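Structure file run30.cif (mmCIF, C-alpha atoms) follows.
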data_data
#
loop_
_atom_site.label_atom_id
_atom_site.label_comp_id
_atom_site.auth_asym_id
_atom_site.auth_seq_id
_atom_site.Cartn_x
_atom_site.Cartn_y
_atom_site.Cartn_z
CA MET A 455 70.53 92.98 -66.93
CA VAL A 456 69.45 93.46 -63.31
CA ARG A 457 68.96 90.12 -61.59
CA ASN A 458 66.01 89.43 -59.38
CA GLU A 459 67.58 87.71 -56.33
CA ALA A 460 64.26 86.23 -55.19
CA ARG A 461 63.78 84.63 -58.61
CA ARG A 462 67.40 83.42 -58.65
CA THR A 463 66.85 81.75 -55.25
CA SER A 464 63.59 80.25 -56.49
CA LEU A 465 65.40 78.81 -59.50
CA LEU A 466 68.09 77.30 -57.28
CA ASP A 467 65.46 75.80 -55.00
CA ALA A 468 63.77 74.35 -58.09
CA ALA A 469 67.12 72.95 -59.24
CA ILE A 470 67.54 71.27 -55.84
CA ASP A 471 64.11 69.69 -56.19
CA VAL A 472 64.88 68.50 -59.72
CA LEU A 473 68.18 66.98 -58.57
CA ALA A 474 66.43 65.23 -55.69
CA GLU A 475 63.61 63.92 -57.89
CA GLU A 476 65.29 63.25 -61.24
CA GLY A 477 69.02 63.05 -60.54
CA ALA A 478 71.78 64.95 -62.27
CA ARG A 479 70.76 63.74 -65.73
CA GLY A 480 67.34 65.28 -65.25
CA LEU A 481 68.77 68.66 -64.27
CA THR A 482 68.08 70.79 -67.33
CA TYR A 483 67.17 74.43 -67.72
CA ARG A 484 63.79 73.33 -69.02
CA ALA A 485 63.17 71.13 -65.95
CA ILE A 486 64.21 73.96 -63.62
CA ASP A 487 61.93 76.43 -65.39
CA ALA A 488 59.02 74.00 -65.19
CA LYS A 489 59.61 73.24 -61.49
CA ALA A 490 59.93 76.96 -60.68
CA ARG A 491 56.88 77.73 -62.84
CA VAL A 492 58.65 80.46 -64.78
CA PRO A 493 58.78 81.11 -68.52
CA ALA A 494 61.01 78.84 -70.59
CA GLY A 495 64.52 80.23 -70.86
CA THR A 496 64.50 81.91 -67.44
CA ALA A 497 67.08 79.62 -65.81
CA SER A 498 69.48 80.04 -68.71
CA ASN A 499 69.31 83.81 -68.19
CA TYR A 500 70.53 83.36 -64.60
CA PHE A 501 73.12 80.59 -65.04
CA ALA A 502 75.39 80.70 -68.07
CA ASN A 503 76.28 77.00 -68.02
CA ARG A 504 75.92 73.77 -66.08
CA ASP A 505 79.09 74.32 -64.04
CA GLU A 506 77.88 77.72 -62.86
CA LEU A 507 74.48 76.24 -62.05
CA MET A 508 75.99 73.33 -60.09
CA SER A 509 78.28 75.65 -58.17
CA ASN A 510 75.35 77.85 -57.20
CA VAL A 511 73.26 74.82 -56.25
CA MET A 512 76.07 73.67 -53.91
CA THR A 513 76.04 77.06 -52.21
CA ARG A 514 72.25 77.09 -51.92
CA VAL A 515 72.19 73.57 -50.44
CA HIS A 516 74.73 74.68 -47.86
CA ASP A 517 72.67 77.76 -47.00
CA ARG A 518 69.45 75.78 -46.62
CA LEU A 519 71.03 73.16 -44.37
CA MET A 520 72.73 75.59 -41.98
CA PRO A 521 71.11 76.01 -38.57
CA SER A 522 69.78 79.45 -37.80
CA ASP A 523 71.90 81.73 -35.64
CA GLU A 524 69.00 81.84 -33.19
CA SER A 525 68.88 78.04 -32.91
CA VAL A 526 72.64 77.84 -32.31
CA ALA A 527 72.49 80.62 -29.70
CA GLN A 528 69.67 78.84 -27.85
CA SER A 529 71.64 75.61 -27.84
CA LEU A 530 74.82 77.30 -26.64
CA ALA A 531 72.91 78.61 -23.62
CA MET A 532 72.89 74.99 -22.40
CA PRO A 533 75.79 73.36 -20.52
CA ARG A 534 78.67 72.56 -22.86
CA ASP A 535 78.72 68.84 -22.30
CA ARG A 536 78.03 65.52 -24.02
CA SER A 537 74.26 66.12 -23.95
CA LEU A 538 74.69 69.31 -25.97
CA THR A 539 76.69 67.40 -28.58
CA VAL A 540 73.87 64.83 -28.71
CA LYS A 541 71.37 67.68 -29.15
CA PHE A 542 73.40 69.14 -32.03
CA MET A 543 73.43 65.71 -33.74
CA HIS A 544 69.67 65.39 -33.32
CA ASP A 545 69.29 68.90 -34.74
CA ILE A 546 71.19 67.78 -37.85
CA ILE A 547 68.79 64.85 -38.28
CA LYS A 548 65.78 67.14 -37.81
CA ARG A 549 67.09 69.50 -40.51
CA ALA A 550 67.69 66.53 -42.82
CA ASP A 551 64.17 65.26 -42.21
CA ALA A 552 62.74 68.74 -42.79
CA ASP A 553 64.66 69.24 -46.06
CA LYS A 554 65.21 65.83 -47.60
CA ALA A 555 65.51 67.35 -51.06
CA CYS A 556 68.71 69.17 -50.06
CA TYR A 557 70.40 66.01 -48.84
CA LEU A 558 69.29 64.06 -51.91
CA ALA A 559 70.53 66.89 -54.13
CA MET A 560 73.86 66.82 -52.29
CA MET A 561 74.08 63.08 -52.95
CA GLU A 562 73.52 63.76 -56.64
CA LEU A 563 76.18 66.47 -56.61
CA ARG A 564 78.60 64.03 -54.99
CA LEU A 565 77.87 61.42 -57.66
CA GLU A 566 78.31 64.04 -60.37
CA ALA A 567 81.64 64.97 -58.76
CA THR A 568 82.92 61.46 -59.43
CA ARG A 569 82.58 62.14 -63.15
CA ARG A 570 83.38 65.84 -63.38
CA PRO A 571 86.69 67.07 -61.94
CA GLU A 572 85.58 70.72 -61.74
CA ILE A 573 82.60 69.77 -59.59
CA ARG A 574 84.77 67.44 -57.51
CA GLN A 575 87.20 70.28 -56.83
CA ALA A 576 84.46 72.74 -55.84
CA LEU A 577 82.58 70.22 -53.70
CA THR A 578 85.78 69.00 -52.03
CA SER A 579 86.62 72.58 -51.14
CA THR A 580 83.12 73.25 -49.79
CA ILE A 581 82.98 70.09 -47.68
CA ALA A 582 86.54 70.55 -46.37
CA GLU A 583 85.68 74.14 -45.37
CA ASN A 584 82.51 72.92 -43.63
CA ILE A 585 84.46 70.32 -41.67
CA GLU A 586 87.04 72.93 -40.64
CA ALA A 587 84.24 75.32 -39.62
CA ASN A 588 82.69 72.56 -37.50
CA VAL A 589 86.04 71.82 -35.84
CA ALA A 590 86.53 75.53 -35.11
CA PHE A 591 82.96 75.82 -33.77
CA ASN A 592 83.51 72.84 -31.47
CA GLU A 593 86.77 74.34 -30.13
CA GLU A 594 85.44 77.90 -29.77
CA SER A 595 82.26 76.68 -28.10
CA LYS A 596 84.30 74.52 -25.72
CA LEU A 597 82.28 71.44 -26.57
CA PRO A 598 83.68 68.05 -25.55
CA GLY A 599 85.96 66.25 -27.94
CA ASP A 600 88.74 67.17 -30.28
CA ARG A 601 89.21 67.45 -34.03
CA MET A 602 88.84 63.69 -34.56
CA THR A 603 85.60 63.73 -32.56
CA VAL A 604 84.12 66.28 -34.95
CA VAL A 605 85.41 64.50 -38.05
CA SER A 606 84.15 61.12 -36.81
CA LEU A 607 80.73 62.54 -36.01
CA TYR A 608 80.59 64.27 -39.40
CA PHE A 609 81.16 60.99 -41.25
CA ALA A 610 78.90 59.00 -38.93
CA MET A 611 76.04 61.50 -39.27
CA THR A 612 76.46 61.77 -43.04
CA GLY A 613 76.25 58.00 -43.35
CA LEU A 614 73.24 57.78 -41.03
CA ILE A 615 71.36 60.51 -42.86
CA TYR A 616 72.05 59.05 -46.29
CA GLU A 617 71.02 55.59 -45.09
CA ARG A 618 67.76 56.99 -43.68
CA LEU A 619 67.06 58.80 -46.94
CA THR A 620 67.90 56.02 -49.35
CA LEU A 621 67.15 52.80 -47.46
CA PRO A 622 65.01 53.83 -44.48
CA ASP A 623 63.98 50.24 -43.68
CA VAL A 624 67.60 49.43 -42.75
CA VAL A 625 67.45 51.77 -39.74
CA ALA A 626 63.68 51.74 -39.13
CA THR A 627 63.90 49.15 -36.37
CA MET A 628 66.76 50.91 -34.58
CA ASP A 629 66.30 53.37 -31.74
CA LEU A 630 67.53 56.60 -33.30
CA ASP A 631 68.08 58.32 -29.95
CA GLU A 632 70.20 55.43 -28.70
CA LEU A 633 72.14 55.25 -31.96
CA VAL A 634 73.02 58.96 -31.84
CA GLU A 635 74.03 58.74 -28.18
CA VAL A 636 76.30 55.75 -28.86
CA MET A 637 77.88 57.54 -31.84
CA VAL A 638 78.57 60.60 -29.67
CA ASP A 639 79.89 58.52 -26.76
CA ARG A 640 82.26 56.59 -29.01
CA ALA A 641 83.43 59.70 -30.84
CA ILE A 642 84.10 61.60 -27.62
CA GLY A 643 85.77 58.58 -26.05
#

Hey, can you dump this file as structure tokens for me?
Amino acid sequence: MVRNEARRTSLLDAAIDVLAEEGARGLTYRAIDAKARVPAGTASNYFANRDELMSNVMTRVHDRLMPSDESVAQSLAMPRDRSLTVKFMHDIIKRADADKACYLAMMELRLEATRRPEIRQALTSTIAENIEANVAFNEESKLPGDRMTVVSLYFAMTGLIYERLTLPDVVATMDLDELVEVMVDRAIG
């Protein structure tokens, strides 16, 4: 059977929305089909089982959250200093705000990984590769800081984003610009 890539992407986007709205327990083929507004049974024609679906959702989340090449190129035209690192951190927050469903879906995938070793292994590999890619990007771009700077900022930004998504009132009274600048300053040292 020839697969329609646009429909496959639409199904994955629907799966992300279902994960964000209903959690992992609500992620069924029927729920995906309904969210994507396709005939019943469509999702099961594209993804043979839950593990395959979850793996593809992880990849799609990653793709949706990546900055565009154009955006990165524009940023890299700026001086390679602390202010550029701050800008990159703000860009991450902007992408999270623009696509909250992806971050919520990723949280659900992480929770599912605590119960399912095959998902844990795949997600661990994906996240570890992302961290290594960020370290390499920082080095190749000659941005300030070393490996620990990148790792520290990764964990700080992940925590900040998840806090803003799940308990926004905790950080609502804080100055986000100041918080990001302090995180960068302390990570760079």

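Nearest to Met561 (chain A) of all the residues A:Leu619, A:Ala527, A:Ile486, A:Leu465 is A:Leu619, counting only C-alpha atoms.
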
- Task: Could you please give me, as a PyMOL selection string, the residues of protein, DNA or RNA lying at most 7 Å from (63.3, 67.0, -64.9) in the coordinate frame of the file, considering all atoms listed in the file?
- Result: chain A and resi 472+476+480-482+485

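Among A:Gly477, A:Leu607, A:Met560, A:Leu530, the residue with the shortest atom-to-atom distance to Met543 (chain A), counting all atoms listed in the file, is A:Leu607.
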
- Atom pair CA of Arg479 (chain A) / CA of Ile573 (chain A): separation (Å): 14.6 Å

- Task: List every protein, DNA or RNA residue with an atom no more than 12 Å from (73.5, 72.0, -26.8) in the file's coordinates, counting all atoms listed in the file, and format the result as a list in words.
- Result: Ser525, Val526, Ala527, Gln528, Ser529, Leu530, Ala531, Met532, Pro533, Arg534, Asp535, Arg536, Ser537, Leu538, Thr539, Val540, Lys541, Phe542, Met543, His544, Asp545, Asn592, Ser595, Lys596, Leu597 and Pro598 of chain A

Evaluate the PyMOL selection byres ((chain A and resi 628-643) around 6) against this structure - the residues, as a short mmCIF file (atom, residue, chain, number, x, y, z; two decimals) with C-alpha atoms, in the frame of the given file, please.
data_model
loop_
_atom_site.label_atom_id
_atom_site.label_comp_id
_atom_site.auth_asym_id
_atom_site.auth_seq_id
_atom_site.Cartn_x
_atom_site.Cartn_y
_atom_site.Cartn_z
CA GLY A 599 85.96 66.25 -27.94
CA THR A 603 85.60 63.73 -32.56
CA VAL A 625 67.45 51.77 -39.74
CA ALA A 626 63.68 51.74 -39.13
CA THR A 627 63.90 49.15 -36.37
#

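Across the structure, CA of Ala490 (chain A) and CA of Asp467 (chain A) are spaced 8.0 Å apart.
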